[in-house]
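Data block for model-v6.cif (mmCIF, C-alpha atoms):
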data_final
#
loop_
_atom_site.label_atom_id
_atom_site.label_comp_id
_atom_site.auth_asym_id
_atom_site.auth_seq_id
_atom_site.Cartn_x
_atom_site.Cartn_y
_atom_site.Cartn_z
CA MET A 1 187.98 -13.70 130.58
CA LYS A 2 185.27 -15.21 128.37
CA LYS A 3 182.93 -12.34 129.28
CA LEU A 4 185.50 -9.82 128.13
CA ARG A 5 185.89 -11.34 124.66
CA PRO A 6 182.59 -10.00 123.23
CA LEU A 7 183.41 -6.55 124.58
CA LEU A 8 186.89 -6.61 123.07
CA PHE A 9 185.41 -7.81 119.78
CA LEU A 10 182.93 -4.93 119.76
CA LEU A 11 185.70 -2.45 120.53
CA LEU A 12 187.77 -3.86 117.69
CA LEU A 13 184.82 -3.56 115.29
CA ALA A 14 184.25 0.02 116.43
CA ALA A 15 187.92 0.88 115.84
CA ILE A 16 187.89 -0.66 112.35
CA GLY A 17 184.63 1.11 111.55
CA GLY A 18 186.05 4.42 112.75
CA ALA A 19 189.18 3.99 110.64
CA CYS A 20 187.08 3.15 107.57
CA TRP A 21 184.86 6.17 108.15
CA MET A 22 187.84 8.50 108.48
CA THR A 23 189.32 7.04 105.30
CA TYR A 24 186.02 7.65 103.53
CA VAL A 25 185.89 11.23 104.78
CA TYR A 26 189.46 11.85 103.71
CA SER A 27 188.89 10.44 100.24
CA THR A 28 185.59 12.21 99.62
CA ARG A 29 186.24 15.58 101.24
CA MET A 30 189.94 15.99 100.72
CA GLY A 31 191.09 13.40 98.22
CA SER A 32 188.44 14.49 95.74
CA ARG A 33 189.98 17.98 95.63
CA PRO A 34 193.76 17.49 95.41
CA ASP A 35 193.95 20.77 93.51
CA MET A 36 192.71 22.59 96.62
CA VAL A 37 195.09 21.20 99.26
CA TRP A 38 198.61 22.66 99.07
CA LYS A 39 201.73 22.08 101.16
CA TYR A 40 202.55 25.35 102.91
CA HIS A 41 206.27 24.78 103.59
CA CYS A 42 208.35 23.19 100.83
CA THR A 43 212.10 23.65 100.47
CA GLY A 44 212.55 22.66 96.83
CA ALA A 45 211.97 20.15 94.06
CA ALA A 46 213.54 17.24 95.95
CA GLN A 47 211.08 17.59 98.83
CA TRP A 48 208.21 18.21 96.42
CA GLU A 49 208.97 14.91 94.69
CA ARG A 50 208.83 13.12 98.05
CA LEU A 51 205.52 14.81 98.88
CA GLN A 52 203.81 14.40 95.51
CA ASP A 53 201.59 11.52 96.70
CA GLN A 54 200.16 13.87 99.36
CA TYR A 55 200.35 17.28 97.72
CA GLN A 56 200.36 18.02 94.02
CA SER A 57 200.96 21.74 94.70
CA VAL A 58 203.31 23.55 97.09
CA ARG A 59 204.39 26.91 98.47
CA VAL A 60 208.11 27.76 98.21
CA GLU A 61 209.92 30.82 99.55
CA VAL A 62 212.12 32.62 97.02
CA ARG A 63 213.97 35.91 96.71
CA VAL A 64 215.53 38.07 94.02
CA ASN A 65 219.32 37.79 94.30
CA ASP A 66 222.05 40.23 93.30
CA GLU A 67 222.13 38.76 89.78
CA LYS A 68 218.41 39.60 89.45
CA ARG A 69 217.49 35.95 89.41
CA LEU A 70 215.14 33.97 91.62
CA GLU A 71 216.73 31.73 94.23
CA LEU A 72 215.36 29.45 96.94
CA CYS A 73 215.41 30.72 100.50
CA ASN A 74 215.27 27.42 102.42
CA SER A 75 216.85 24.85 100.14
CA LYS A 76 218.49 21.89 101.86
CA THR A 77 221.24 21.74 99.24
CA GLU A 78 223.13 24.46 97.37
CA SER A 79 222.61 22.66 94.08
CA GLU A 80 218.82 23.07 94.10
CA THR A 81 217.42 25.90 92.00
CA VAL A 82 214.07 27.49 91.25
CA GLY A 83 214.46 26.04 87.75
CA ASP A 84 214.24 22.55 89.27
CA LEU A 85 210.75 23.38 90.49
CA PHE A 86 209.66 24.38 86.99
CA ALA A 87 211.26 21.24 85.54
CA PHE A 88 209.18 19.23 88.03
CA MET A 89 206.05 21.10 86.92
CA LYS A 90 206.76 20.32 83.30
CA GLU A 91 206.81 16.61 84.15
CA HIS A 92 203.68 16.87 86.35
CA PRO A 93 201.06 18.90 84.48
CA GLU A 94 198.56 18.74 87.36
CA SER A 95 200.97 20.55 89.72
CA GLN A 96 200.86 24.23 90.69
CA LEU A 97 203.46 26.43 92.34
CA TRP A 98 203.07 29.20 94.90
CA LEU A 99 206.10 31.50 95.04
CA ALA A 100 206.32 33.46 98.29
CA ALA A 101 208.63 36.36 97.46
CA GLU A 102 210.69 37.25 100.51
CA ASN A 103 212.09 40.55 99.23
CA LEU A 104 209.76 41.78 96.50
CA SER A 105 209.83 45.58 96.28
CA GLU A 106 209.09 48.42 93.90
CA GLU A 107 212.80 48.41 93.00
CA ASN A 108 213.09 44.75 92.02
CA LYS A 109 209.54 43.87 90.86
CA GLY A 110 210.62 44.20 87.23
CA SER A 111 213.52 41.79 87.79
CA PHE A 112 211.20 39.34 89.54
CA LYS A 113 208.70 39.45 86.68
CA HIS A 114 211.42 39.06 84.03
CA ALA A 115 212.97 36.09 85.85
CA LEU A 116 209.57 34.46 86.26
CA ASP A 117 208.65 34.99 82.61
CA SER A 118 211.96 33.39 81.56
CA LEU A 119 211.29 30.30 83.67
CA LEU A 120 207.73 29.96 82.39
CA PHE A 121 208.98 30.18 78.80
CA GLN A 122 211.98 27.89 79.27
CA TYR A 123 210.00 25.08 80.92
CA GLU A 124 206.75 25.62 78.99
CA VAL A 125 204.66 26.15 82.12
CA GLY A 126 201.39 28.07 81.85
CA ILE A 127 200.99 31.25 83.86
CA GLU A 128 197.71 29.95 85.29
CA ARG A 129 199.68 27.39 87.34
CA ILE A 130 201.58 30.07 89.28
CA MET A 131 200.77 32.17 92.36
CA VAL A 132 203.02 34.97 93.66
CA GLU A 133 202.82 36.13 97.28
CA SER A 134 204.39 39.15 98.97
CA ARG A 135 203.96 40.95 102.29
CA ASP A 136 204.47 44.20 100.38
CA TRP A 137 201.32 44.06 98.28
CA MET A 138 201.78 47.18 96.15
CA PRO A 139 204.55 45.71 93.89
CA LEU A 140 202.13 42.88 93.11
CA ASN A 141 200.13 45.22 90.92
CA GLN A 142 202.48 44.60 87.99
CA MET A 143 201.97 40.83 88.33
CA ASN A 144 198.24 41.22 88.66
CA ARG A 145 198.03 43.28 85.47
CA ALA A 146 199.90 40.46 83.71
CA GLU A 147 197.18 38.02 84.91
CA ILE A 148 199.45 36.32 87.44
CA TYR A 149 197.54 35.19 90.52
CA THR A 150 198.74 37.37 93.40
CA VAL A 151 198.51 36.89 97.16
CA THR A 152 199.22 38.88 100.29
CA ALA A 153 198.84 37.80 103.91
CA LEU A 154 196.60 38.87 106.75
CA GLU A 155 198.90 39.42 109.73
CA ALA A 156 196.84 39.59 112.91
CA LYS A 157 196.20 37.69 116.12
CA ALA A 158 193.40 35.12 116.26
CA PRO A 159 189.97 36.82 116.49
CA ARG A 160 189.28 35.24 119.89
CA ARG A 161 192.20 37.25 121.27
CA LEU A 162 190.92 40.56 119.92
CA SER A 163 188.11 42.89 120.91
CA GLU A 164 185.36 43.76 118.43
CA HIS A 165 186.98 47.15 117.93
CA GLN A 166 190.33 45.50 117.13
CA ILE A 167 188.68 43.09 114.69
CA ASP A 168 186.97 46.02 112.94
CA SER A 169 190.35 47.76 112.74
CA VAL A 170 191.92 44.72 111.06
CA VAL A 171 189.08 44.52 108.53
CA THR A 172 189.28 48.26 107.79
CA ARG A 173 193.03 48.08 107.25
CA LEU A 174 192.64 45.08 104.97
CA SER A 175 189.87 46.74 102.95
CA ARG A 176 192.41 49.15 101.49
CA VAL A 177 194.37 46.20 100.14
CA VAL A 178 191.27 44.43 98.81
CA GLU A 179 190.03 47.54 97.03
CA SER A 180 193.43 48.35 95.52
CA GLY A 181 193.07 45.83 92.70
CA CYS A 182 196.66 44.68 93.28
CA ILE A 183 195.87 41.21 94.59
CA SER A 184 193.78 38.17 93.72
CA ALA A 185 193.63 36.60 97.17
CA ILE A 186 194.44 37.02 100.86
CA ARG A 187 196.18 34.30 102.85
CA ILE A 188 194.35 33.97 106.18
CA PRO A 189 194.46 31.66 109.21
CA ALA A 190 191.48 29.30 109.41
CA SER A 191 190.22 31.18 112.49
CA TRP A 192 189.65 34.30 110.35
CA TYR A 193 187.75 32.54 107.58
CA PRO A 194 184.17 33.07 108.87
CA ILE A 195 184.81 36.78 109.48
CA MET A 196 186.55 37.42 106.16
CA ARG A 197 183.96 35.42 104.21
CA SER A 198 181.19 37.52 105.75
CA GLN A 199 182.92 40.89 105.50
CA TYR A 200 183.85 40.50 101.84
CA ARG A 201 180.81 38.56 100.63
CA LYS A 202 180.19 41.17 97.90
CA SER A 203 183.83 41.32 96.80
CA ASP A 204 185.63 39.25 94.17
CA ILE A 205 188.57 38.68 96.49
CA GLN A 206 189.45 35.05 97.19
CA PHE A 207 191.07 33.42 100.22
CA ILE A 208 193.89 31.00 100.83
CA VAL A 209 193.26 29.38 104.20
CA ALA A 210 196.27 28.24 106.23
CA THR A 211 195.70 25.42 108.69
CA PRO A 212 198.03 23.38 110.94
CA LYS A 213 198.59 19.81 109.82
CA ARG A 214 197.66 18.45 113.25
CA SER A 215 194.11 19.75 112.84
CA GLN A 216 193.70 18.69 109.24
CA PHE A 217 190.96 16.10 109.80
CA CYS A 218 189.09 18.35 112.24
CA PHE A 219 189.37 21.14 109.73
CA MET A 220 187.87 19.05 106.96
CA LEU A 221 185.05 17.76 109.15
CA HIS A 222 184.00 21.07 110.68
CA PRO A 223 180.36 21.53 109.59
CA ARG A 224 180.57 25.33 109.56
CA LEU A 225 183.74 25.54 107.48
CA PRO A 226 183.17 23.71 104.15
CA MET A 227 186.21 25.44 102.70
CA LEU A 228 187.11 22.87 100.10
CA HIS A 229 183.83 23.50 98.32
CA ASP A 230 183.71 27.27 98.75
CA PRO A 231 184.36 29.00 95.38
CA ARG A 232 185.85 31.93 97.30
CA VAL A 233 188.62 29.69 98.67
CA ARG A 234 191.46 29.28 96.18
CA ALA A 235 193.44 26.81 98.29
CA VAL A 236 193.84 25.25 101.71
CA ALA A 237 197.48 25.47 102.77
CA VAL A 238 198.52 22.74 105.21
CA LYS A 239 201.45 23.80 107.38
#
How would this structure read if it were set down as structure tokens?
Amino acid sequence: MKKLRPLLFLLLLAAIGGACWMTYVYSTRMGSRPDMVWKYHCTGAAQWERLQDQYQSVRVEVRVNDEKRLELCNSKTESETVGDLFAFMKEHPESQLWLAAENLSEENKGSFKHALDSLLFQYEVGIERIMVESRDWMPLNQMNRAEIYTVTALEAKAPRRLSEHQIDSVVTRLSRVVESGCISAIRIPASWYPIMRSQYRKSDIQFIVATPKRSQFCFMLHPRLPMLHDPRVRAVAVK
């Protein structure tokens, strides 16, 4: 038993040292850039308030309703509104909001823009703190012309599951979107980051990189993916 004590002591020291090192990594690589790390799924202002110690900025799914107003898609309570999010932003000037528009179209893009402008004016929130995302990227052109940061998503399987020809096809299809001038950034899975960064190295397009929460530390430590310090990466969205 006495012989085991030094070994146990060394193991304990190693565990403490490892925990301290991980804390250091977290604080220097992630904690130093809270503006870069966003919460991907947020249901409304109540959840945002609970998460504010971890994430100062969030992504929320919204839609244009029949009254031509913006409403939350996944709110936990009927009383929560999109206005609550803007009220939260007014009280937390470091926060930013990413609105993922579920039903944005050519028909309702004017209503979306008018509703957004009203909220920005009512709660005195600067337009530079807002991002708008849509699968249908063409209606985003109106937002982009108004200097609203606009985002569309890359929808494709992981590169490791595709042939080179299929990867080239994805890039070609996406090039039309990039060259359209309708969007500011593309939301991509972390697995696509090296390919997209290389393919569009001469473009002004930026990237929002989505990563699972379970791989957050691995993601931050990966020596080939220094995303938090890449000027082409607008945000890292933790699912």
Name the residues captured by the PyMOL selection byres ((chain A and resi 232) around 10) when it is applied to the shown file; answer as a PyMOL selection string.
chain A and resi 185+197+200-201+203-208+227-231+233-235
Hey, can you check how far atom CA of A:Leu116 sits from atom CA of A:Lys68?
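Rounded to one decimal, the two atoms are 10.7 Å apart.
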A:Met131, A:Leu99, A:Val151, A:Met89: which is nearest A:Cys42, counting all atoms listed in the file?
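Looking at the shortest contact to A:Cys42, the residue is A:Leu99.
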Within 10 Å of A:Gly44, counting all atoms listed in the file, which residues show up once you throw out same-chain ones fewer than 2 positions away? Write them as a PyMOL selection string, please.
chain A and resi 41-42+46-49+58-62+72-77+80-85
Padding of 4 Å on every side, edges along x, y and z, all listed atoms of stretch 48-56 of chain A included: what centre and edge lengths in Å, to one decimal, does that box have, as AutoDock Vina command-line options?
--center_x 204.6 --center_y 14.9 --center_z 96.7 --size_x 16.8 --size_y 14.7 --size_z 13.3
